[in-house]
file coords-v1.tsv (TSV, C-alpha atoms and all ligand atoms)
chain	number	residue	atom	x	y	z
M	7	MET	CA	68.05	78.33	-2.78
M	8	SER	CA	70.46	79.11	-5.61
M	9	LEU	CA	73.76	80.79	-4.85
M	10	LEU	CA	74.30	84.33	-6.08
M	11	THR	CA	77.14	84.53	-8.61
M	12	ALA	CA	78.85	87.86	-8.14
M	13	GLU	CA	80.04	87.94	-11.75
M	14	LEU	CA	79.53	91.09	-13.74
M	15	ASP	CA	81.34	90.86	-17.04
M	16	GLN	CA	82.43	93.86	-19.08
M	17	ARG	CA	79.56	93.54	-21.55
M	18	GLN	CA	76.98	93.41	-18.74
M	19	PHE	CA	78.63	96.40	-17.08
M	20	GLN	CA	78.38	98.33	-20.33
M	21	GLU	CA	74.75	97.35	-20.82
M	22	ILE	CA	73.84	98.47	-17.30
M	23	SER	CA	75.80	101.71	-17.75
M	24	GLN	CA	74.04	102.34	-21.04
M	25	ILE	CA	70.58	101.88	-19.49
M	26	VAL	CA	71.42	104.14	-16.54
M	27	TYR	CA	72.88	106.79	-18.86
M	28	GLN	CA	69.87	106.74	-21.18
M	29	GLN	CA	67.37	106.85	-18.32
M	30	CYS	CA	68.87	109.44	-16.03
M	31	GLY	CA	72.05	110.88	-17.53
M	32	ILE	CA	74.32	109.32	-14.92
M	33	SER	CA	77.60	108.36	-16.47
M	34	LEU	CA	79.07	105.16	-15.01
M	35	LYS	CA	82.42	105.04	-16.74
M	36	SER	CA	84.94	102.24	-16.60
M	37	GLY	CA	86.46	102.21	-13.15
M	38	LYS	CA	82.98	102.10	-11.59
M	39	GLU	CA	82.64	98.34	-12.05
M	40	ALA	CA	83.06	97.53	-8.36
M	41	LEU	CA	80.45	100.11	-7.35
M	42	VAL	CA	77.97	98.88	-9.95
M	43	ARG	CA	78.59	95.26	-8.97
M	44	ALA	CA	78.06	95.97	-5.26
M	45	ARG	CA	74.84	97.89	-5.86
M	46	LEU	CA	73.55	95.34	-8.32
M	47	MET	CA	74.22	92.42	-5.99
M	48	LYS	CA	72.10	94.06	-3.32
M	49	ARG	CA	69.21	94.23	-5.77
M	50	LEU	CA	69.71	90.67	-6.98
M	51	ARG	CA	69.64	89.46	-3.40
M	52	ALA	CA	66.39	91.34	-2.73
M	53	LEU	CA	64.83	89.79	-5.85
M	54	LYS	CA	66.33	86.37	-5.07
M	55	ILE	CA	67.82	86.32	-8.56
M	56	ALA	CA	70.91	84.16	-8.88
M	57	SER	CA	72.92	85.85	-11.62
M	58	VAL	CA	73.39	89.11	-13.50
M	59	LYS	CA	72.47	87.21	-16.68
M	60	GLU	CA	69.06	86.38	-15.24
M	61	TYR	CA	68.62	90.00	-14.09
M	62	MET	CA	69.47	91.30	-17.57
M	63	LYS	CA	66.82	89.00	-18.97
M	64	LEU	CA	64.30	90.44	-16.51
M	65	ILE	CA	64.97	94.08	-17.37
M	66	SER	CA	64.72	93.47	-21.08
M	67	SER	CA	61.36	91.68	-20.71
M	68	GLU	CA	57.90	93.24	-20.67
M	69	LYS	CA	57.51	92.16	-17.03
M	70	GLY	CA	60.73	93.93	-16.08
M	71	LYS	CA	59.79	97.39	-17.34
M	72	THR	CA	59.15	98.80	-13.87
M	73	GLU	CA	62.37	97.20	-12.64
M	74	ILE	CA	64.31	99.83	-14.61
M	75	ASN	CA	63.08	102.51	-12.18
M	76	THR	CA	64.34	100.45	-9.28
M	77	LEU	CA	67.63	99.90	-11.06
M	78	ILE	CA	68.02	103.69	-11.34
M	79	ASP	CA	67.18	104.02	-7.65
M	80	VAL	CA	69.79	101.43	-6.79
M	81	MET	CA	72.46	103.06	-8.94
M	82	THR	CA	71.98	106.65	-7.75
M	83	THR	CA	73.58	108.22	-4.72
M	84	ASN	CA	71.06	109.88	-2.42
M	85	LYS	CA	73.43	111.26	0.19
M	86	THR	CA	72.16	114.54	1.58
M	87	SER	CA	71.81	116.42	4.86
M	88	PHE	CA	70.14	119.42	6.44
M	89	PHE	CA	72.04	122.69	5.87
M	90	ARG	CA	74.47	120.86	3.59
M	91	GLU	CA	77.05	123.32	2.21
M	92	SER	CA	75.62	125.89	4.57
M	93	ALA	CA	77.35	128.87	2.90
M	94	HIS	CA	74.59	128.68	0.27
M	95	PHE	CA	71.89	129.17	2.87
M	96	ASP	CA	73.80	132.05	4.47
M	97	TYR	CA	74.13	133.70	1.07
M	98	LEU	CA	70.44	133.17	0.41
M	99	ALA	CA	69.47	134.69	3.75
M	100	GLN	CA	71.92	137.60	3.68
M	101	GLU	CA	72.25	138.55	0.03
M	102	ILE	CA	69.19	137.32	-1.85
M	103	LEU	CA	66.17	137.32	0.45
M	104	PRO	CA	66.41	140.96	1.58
M	105	ASP	CA	65.53	141.95	-2.03
M	106	LEU	CA	63.24	139.07	-2.88
M	107	SER	CA	61.21	139.24	0.29
M	108	THR	CA	59.43	142.39	-0.90
M	109	ARG	CA	57.85	140.39	-3.73
M	110	LYS	CA	54.42	138.83	-3.54
M	111	ARG	CA	55.25	135.64	-5.46
M	112	LEU	CA	58.41	133.60	-5.02
M	113	ARG	CA	59.44	130.36	-6.68
M	114	PHE	CA	62.32	128.15	-5.57
M	115	TRP	CA	63.29	124.81	-7.06
M	116	SER	CA	65.22	122.06	-5.35
M	117	ALA	CA	65.98	120.12	-8.53
M	118	ALA	CA	67.34	116.87	-7.05
M	119	CYS	CA	65.92	116.96	-3.55
M	120	SER	CA	66.64	113.38	-2.47
M	121	SER	CA	64.94	112.57	0.87
M	122	GLY	CA	63.90	116.17	1.51
M	123	GLU	CA	66.60	117.66	3.72
M	124	GLU	CA	67.45	120.33	1.13
M	125	PRO	CA	63.89	121.63	0.58
M	126	TYR	CA	63.06	121.50	4.31
M	127	THR	CA	66.24	123.50	4.98
M	128	LEU	CA	65.16	125.99	2.32
M	129	ALA	CA	61.71	126.23	3.87
M	130	MET	CA	63.24	126.97	7.29
M	131	VAL	CA	65.50	129.67	5.86
M	132	LEU	CA	62.53	131.25	4.05
M	133	ARG	CA	60.37	131.19	7.18
M	134	GLU	CA	63.14	132.71	9.26
M	135	ASN	CA	63.85	135.50	6.78
M	136	ILE	CA	60.54	136.45	5.20
M	137	ARG	CA	58.45	138.03	7.90
M	138	ASP	CA	55.00	137.97	6.32
M	139	ILE	CA	55.53	134.77	4.36
M	140	ASP	CA	51.99	133.46	4.94
M	141	ARG	CA	50.55	136.45	3.14
M	142	LYS	CA	52.67	135.70	0.07
M	143	ASP	CA	52.62	133.07	-2.61
M	144	VAL	CA	55.85	131.20	-1.86
M	145	LEU	CA	56.65	127.74	-3.14
M	146	VAL	CA	59.64	125.41	-3.04
M	147	LEU	CA	59.18	122.97	-5.89
M	148	SER	CA	61.09	119.85	-4.87
M	149	THR	CA	61.78	117.13	-7.40
M	150	ASP	CA	63.82	113.97	-7.76
M	151	ILE	CA	63.93	111.09	-10.20
M	152	SER	CA	63.49	108.59	-7.37
M	153	ASN	CA	59.93	107.82	-6.27
M	154	GLN	CA	61.37	106.26	-3.15
M	155	MET	CA	63.17	109.50	-2.22
M	156	ILE	CA	60.06	111.57	-2.97
M	157	ALA	CA	58.06	109.28	-0.68
M	158	MET	CA	60.61	109.78	2.11
M	159	ALA	CA	60.53	113.55	1.60
M	160	GLN	CA	56.74	113.41	1.69
M	161	GLN	CA	56.88	111.55	4.97
M	162	GLY	CA	59.32	114.15	6.27
M	163	VAL	CA	60.33	112.11	9.30
M	164	TYR	CA	64.01	112.08	10.28
M	165	SER	CA	66.15	110.29	12.83
M	166	GLU	CA	68.08	112.12	15.52
M	167	GLU	CA	71.33	111.53	13.58
M	168	ARG	CA	69.88	113.09	10.44
M	169	MET	CA	68.66	116.08	12.45
M	170	ALA	CA	72.17	116.79	13.72
M	171	GLY	CA	72.67	119.68	11.27
M	172	VAL	CA	69.55	121.55	12.34
M	173	PRO	CA	70.09	124.20	15.06
M	174	GLN	CA	68.06	123.39	18.17
M	175	PRO	CA	65.84	126.50	18.06
M	176	LEU	CA	64.78	125.51	14.53
M	177	VAL	CA	64.11	121.92	15.58
M	178	ARG	CA	61.84	123.19	18.34
M	179	GLU	CA	60.11	125.67	16.04
M	180	TYR	CA	59.50	123.53	12.98
M	181	PHE	CA	59.60	119.83	13.94
M	182	GLU	CA	57.46	117.61	16.08
M	183	ARG	CA	59.27	115.06	18.21
M	184	ILE	CA	57.68	111.65	17.85
M	185	ARG	CA	58.37	108.39	19.59
M	186	GLU	CA	57.89	105.25	17.57
M	187	GLY	CA	59.98	102.45	19.00
M	188	SER	CA	62.99	103.19	21.14
M	189	LYS	CA	64.50	106.18	19.36
M	190	PRO	CA	62.94	109.60	18.96
M	191	ARG	CA	62.32	110.89	15.47
M	192	TYR	CA	61.31	114.26	14.15
M	193	ARG	CA	58.48	115.11	11.81
M	194	ALA	CA	58.51	118.29	9.74
M	195	GLY	CA	55.57	120.46	10.73
M	196	THR	CA	52.92	122.10	8.55
M	197	GLU	CA	54.71	125.46	8.60
M	198	LEU	CA	57.41	123.86	6.47
M	199	ARG	CA	55.22	121.46	4.54
M	200	LYS	CA	52.89	124.12	3.22
M	201	LEU	CA	55.80	125.79	1.42
M	202	ILE	CA	56.93	122.59	-0.31
M	203	ARG	CA	55.50	120.85	-3.36
M	204	LEU	CA	57.04	117.45	-4.05
M	205	ALA	CA	56.99	115.61	-7.37
M	206	SER	CA	59.07	113.05	-9.16
M	207	LEU	CA	60.86	114.47	-12.16
M	208	ASN	CA	63.67	113.18	-14.32
M	209	LEU	CA	65.92	116.12	-15.19
M	210	MET	CA	66.70	114.47	-18.53
M	211	GLN	CA	63.08	114.61	-19.65
M	212	PRO	CA	60.83	117.56	-20.54
M	213	TRP	CA	59.91	119.72	-17.55
M	214	PRO	CA	56.19	120.35	-17.16
M	215	MET	CA	56.51	123.61	-15.19
M	216	LYS	CA	56.74	126.98	-16.85
M	217	GLY	CA	58.80	128.92	-14.36
M	218	PRO	CA	60.36	131.37	-14.08
M	219	PHE	CA	62.12	130.57	-10.84
M	220	ASN	CA	63.84	133.09	-8.62
M	221	VAL	CA	66.32	130.53	-7.28
M	222	ILE	CA	67.28	127.02	-8.39
M	223	PHE	CA	69.24	124.58	-6.25
M	224	CYS	CA	70.75	121.76	-8.29
M	225	ARG	CA	73.43	120.44	-6.03
M	226	ASN	CA	75.45	117.26	-6.02
M	227	VAL	CA	73.79	115.62	-8.96
M	228	MET	CA	75.48	117.17	-12.01
M	229	ILE	CA	78.72	115.65	-10.79
M	230	TYR	CA	77.37	112.29	-11.97
M	231	PHE	CA	76.60	113.56	-15.48
M	232	ASP	CA	79.01	113.87	-18.41
M	233	ARG	CA	79.96	117.27	-19.80
M	234	PRO	CA	77.41	117.42	-22.68
M	235	THR	CA	74.61	116.48	-20.26
M	236	GLN	CA	75.77	119.13	-17.76
M	237	GLN	CA	75.90	121.68	-20.57
M	238	ARG	CA	72.32	120.96	-21.68
M	239	LEU	CA	71.10	121.10	-18.11
M	240	VAL	CA	72.79	124.41	-17.34
M	241	ASN	CA	71.24	125.91	-20.51
M	242	ARG	CA	67.83	124.67	-19.42
M	243	PHE	CA	68.26	126.13	-15.92
M	244	TRP	CA	69.18	129.45	-17.52
M	245	ASP	CA	65.89	129.39	-19.44
M	246	MET	CA	63.95	128.53	-16.27
M	247	LEU	CA	65.36	131.41	-14.22
M	248	GLU	CA	64.10	134.97	-14.17
M	249	PRO	CA	66.70	137.63	-15.13
M	250	GLY	CA	68.65	138.21	-11.93
M	251	GLY	CA	67.73	134.72	-10.67
M	252	TYR	CA	70.25	132.48	-8.93
M	253	LEU	CA	71.61	129.00	-9.58
M	254	PHE	CA	73.31	127.06	-6.79
M	255	VAL	CA	75.30	123.95	-7.70
M	256	GLY	CA	77.31	121.65	-5.43
M	257	HIS	CA	80.64	123.01	-4.17
M	258	SER	CA	82.51	120.15	-5.83
M	259	GLU	CA	80.77	120.86	-9.14
M	260	GLY	CA	81.09	124.52	-10.22
M	261	LEU	CA	80.47	125.47	-13.84
M	262	SER	CA	84.05	125.38	-15.06
M	263	GLY	CA	84.25	123.75	-18.47
M	264	ILE	CA	80.63	124.71	-19.18
M	265	ARG	CA	79.78	127.51	-21.61
M	266	HIS	CA	77.41	129.93	-19.86
M	267	GLU	CA	76.58	133.56	-19.30
M	268	PHE	CA	75.91	133.35	-15.58
M	269	GLN	CA	77.73	135.80	-13.38
M	270	TYR	CA	79.93	134.08	-10.81
M	271	MET	CA	78.96	135.37	-7.36
M	272	LYS	CA	80.61	132.99	-4.87
M	273	PRO	CA	81.81	129.39	-5.02
M	274	ALA	CA	79.05	127.32	-6.65
M	275	THR	CA	76.74	130.37	-6.73
M	276	TYR	CA	75.74	131.95	-10.06
M	277	ARG	CA	73.40	134.69	-11.15
M	278	LYS	CA	71.57	135.09	-14.43
M	279	ARG	CA	72.56	138.48	-15.89
M	301	LIG	C1	73.52	113.13	-3.90
M	301	LIG	S1	71.80	113.50	-4.01
M	301	LIG	C2	71.83	115.24	-3.77
M	301	LIG	C3	70.70	115.75	-2.90
M	301	LIG	C4	70.74	117.24	-2.57
M	301	LIG	N1	70.58	118.06	-3.76
M	301	LIG	C5	72.01	117.60	-1.86
M	301	LIG	O1	72.87	118.29	-2.40
M	301	LIG	O2	72.16	117.20	-0.70
M	301	LIG	C6	71.52	113.31	-5.76
M	301	LIG	C7	70.06	113.10	-6.12
M	301	LIG	O3	69.92	113.26	-7.54
M	301	LIG	C8	68.89	112.39	-7.98
M	301	LIG	N2	69.01	112.21	-9.43
M	301	LIG	C9	69.94	111.49	-10.11
M	301	LIG	N3	69.70	111.56	-11.43
M	301	LIG	C10	68.61	112.36	-11.59
M	301	LIG	C11	67.88	112.80	-12.72
M	301	LIG	N4	68.21	112.46	-13.95
M	301	LIG	N5	66.79	113.60	-12.50
M	301	LIG	C12	66.44	113.96	-11.24
M	301	LIG	N6	67.09	113.57	-10.14
M	301	LIG	C13	68.17	112.77	-10.31
M	301	LIG	C14	69.11	111.13	-7.16
M	301	LIG	O4	67.94	110.33	-7.10
M	301	LIG	C15	69.54	111.70	-5.80
M	301	LIG	O5	68.46	111.79	-4.91
call {"tool": "encode", "arguments": {"input": "coords-v1.tsv", "output": "structure tokens", "more": "lines below"}}
Ligand SMILES: C[S@@+](CC[C@H](N)C(=O)[O-])C[C@H]1O[C@@H](n2cnc3c(N)ncnc32)[C@H](O)[C@@H]1O
result
Amino acid sequence: MSLLTAELDQRQFQEISQIVYQQCGISLKSGKEALVRARLMKRLRALKIASVKEYMKLISSEKGKTEINTLIDVMTTNKTSFFRESAHFDYLAQEILPDLSTRKRLRFWSAACSSGEEPYTLAMVLRENIRDIDRKDVLVLSTDISNQMIAMAQQGVYSEERMAGVPQPLVREYFERIREGSKPRYRAGTELRKLIRLASLNLMQPWPMKGPFNVIFCRNVMIYFDRPTQQRLVNRFWDMLEPGGYLFVGHSEGLSGIRHEFQYMKPATYRKR
């Protein structure tokens, strides 16, 4: 078996960065070489490819077209958790849902949902705060660029460690404990699943849905985009929201440096005027 050469020269780094930027808007600037190299080496090992040069040949060939999706998967960060940045869910429950819950039709969008923890959290908060939810038309559209993440969200099965952020009463109410192998795992139940519609969607491409949404969560993804890409995205979210609708972004993101007409409500919480 050939030995893997861990070389990634500057030109190759730029080529990879260019592909990733064009495909998904993620900006891998200089300084990210070590991260790109480490992630790339993992992929090369899995493919049993011996050098970056060979890999570059693959992705520029007809045969390698689908490999670009995997490259994007490898280069993106999927870190997430249940009730992540929980102040957002408190705000939703206390300040937004009391008004919204009188409506017949509600639309939420988890716009980079990763492995599903964010939309399942949303579904729990909606169930807990909208009394007659089954008599309403309520949907949490949940999208991500990664097919692999969408498949995990679809499966909706989580380890005990991943469930750590979910309060016990909610675990008992909405998850089924399953035993496969030595460790217990938890499967999201139908009460949550019937509120969620999963689909893969690249935020950089046209969006097939019409909206309008009442609330959009786009958290911890814009941080990877450059300013012009963030600006375009924020404008598009504005268009997708109903007047009075809310946009939640990650707490480390905010909208400073972006031109917008949203009203600032709380950290990383904005409302369309
Ligand atoms: C760090 S996770 C954030 C998950 C969740 N929103 C949260 O805050 O916990 C970022 C997600 O953004 C997705 N992503 C990256 N670029 C994207 C794009 N252009 N379109 C849609 N999703 C994208 C990644 O696949 C990843 O699952």
call {"tool": "residues_near_ligand", "arguments": {"input": "coords-v1.tsv", "ligand": "ligand LIG 301 (chain M)", "cutoff": "7 Å", "atoms": "all atoms listed in the file", "output": "compact mmCIF listing (two decimals) with C-alpha atoms, keeping the file's coordinate frame"}}
result
# COMPACT_ATOMS: atom_id res chain seq x y z
CA CYS M 30 68.87 109.44 -16.03
CA GLY M 31 72.05 110.88 -17.53
CA ILE M 32 74.32 109.32 -14.92
CA ASP M 79 67.18 104.02 -7.65
CA THR M 82 71.98 106.65 -7.75
CA THR M 83 73.58 108.22 -4.72
CA ASN M 84 71.06 109.88 -2.42
CA LYS M 85 73.43 111.26 0.19
CA THR M 86 72.16 114.54 1.58
CA SER M 87 71.81 116.42 4.86
CA ARG M 90 74.47 120.86 3.59
CA SER M 116 65.22 122.06 -5.35
CA ALA M 117 65.98 120.12 -8.53
CA ALA M 118 67.34 116.87 -7.05
CA CYS M 119 65.92 116.96 -3.55
CA SER M 120 66.64 113.38 -2.47
CA SER M 121 64.94 112.57 0.87
CA GLU M 124 67.45 120.33 1.13
CA THR M 149 61.78 117.13 -7.40
CA ASP M 150 63.82 113.97 -7.76
CA ILE M 151 63.93 111.09 -10.20
CA SER M 152 63.49 108.59 -7.37
CA MET M 155 63.17 109.50 -2.22
CA LEU M 207 60.86 114.47 -12.16
CA ASN M 208 63.67 113.18 -14.32
CA LEU M 209 65.92 116.12 -15.19
CA MET M 210 66.70 114.47 -18.53
CA CYS M 224 70.75 121.76 -8.29
CA ARG M 225 73.43 120.44 -6.03
CA ASN M 226 75.45 117.26 -6.02
CA VAL M 227 73.79 115.62 -8.96
CA GLY M 256 77.31 121.65 -5.43
call {"tool": "atom_distance", "arguments": {"input": "coords-v1.tsv", "atom1": "CA of Ile136 in chain M", "atom2": "CA of Ser107 in chain M"}}
result
5.7 Å
call {"tool": "closest_residue", "arguments": {"input": "coords-v1.tsv", "among": "M:Ile139, M:Ala159, M:Leu106, M:Met130", "to": "Arg178 in chain M", "atoms": "all atoms listed in the file"}}
result
M:Met130
call {"tool": "residues_near_point", "arguments": {"input": "coords-v1.tsv", "point": "(72.4, 139.2, -6.9)", "cutoff": "7 Å", "atoms": "only C-alpha atoms", "output": "list of chain:residue names"}}
result
M:Glu101, M:Ile102, M:Gly250, M:Arg277
call {"tool": "residues_around", "arguments": {"input": "coords-v1.tsv", "residues": "Gln24 in chain M", "least_positions_apart": "3", "cutoff": "12 Å", "atoms": "all atoms listed in the file", "output": "PyMOL selection string"}}
result
chain M and resi 17-21+27-36+74+78
call {"tool": "atom_distance", "arguments": {"input": "coords-v1.tsv", "atom1": "CA of Gly195 in chain M", "atom2": "CA of Phe254 in chain M"}}
result
25.8 Å
call {"tool": "atom_distance", "arguments": {"input": "coords-v1.tsv", "atom1": "CA of Val255 in chain M", "atom2": "CA of Met228 in chain M"}}
result
8.0 Å
call {"tool": "residues_near_point", "arguments": {"input": "coords-v1.tsv", "point": "(80.0, 122.3, -11.6)", "cutoff": "12 Å", "atoms": "all atoms listed in the file", "output": "MDAnalysis selection string"}}
result
chainID M and resid 224:233 235:237 239:240 253:266 270 273:276
call {"tool": "closest_residue", "arguments": {"input": "coords-v1.tsv", "among": "M:Ala205, M:Ala93, M:Ala44, M:Ile65", "to": "Gln154 in chain M", "atoms": "all atoms listed in the file"}}
result
M:Ala205
call {"tool": "axis_aligned_box", "arguments": {"input": "coords-v1.tsv", "around": "range 153-159 of chain M", "padding_each_side": "6 Å", "output": "JSON"}}
result
{"center_x": 60.6, "center_y": 109.9, "center_z": -2.1, "size_x": 17.1, "size_y": 19.3, "size_z": 20.4}
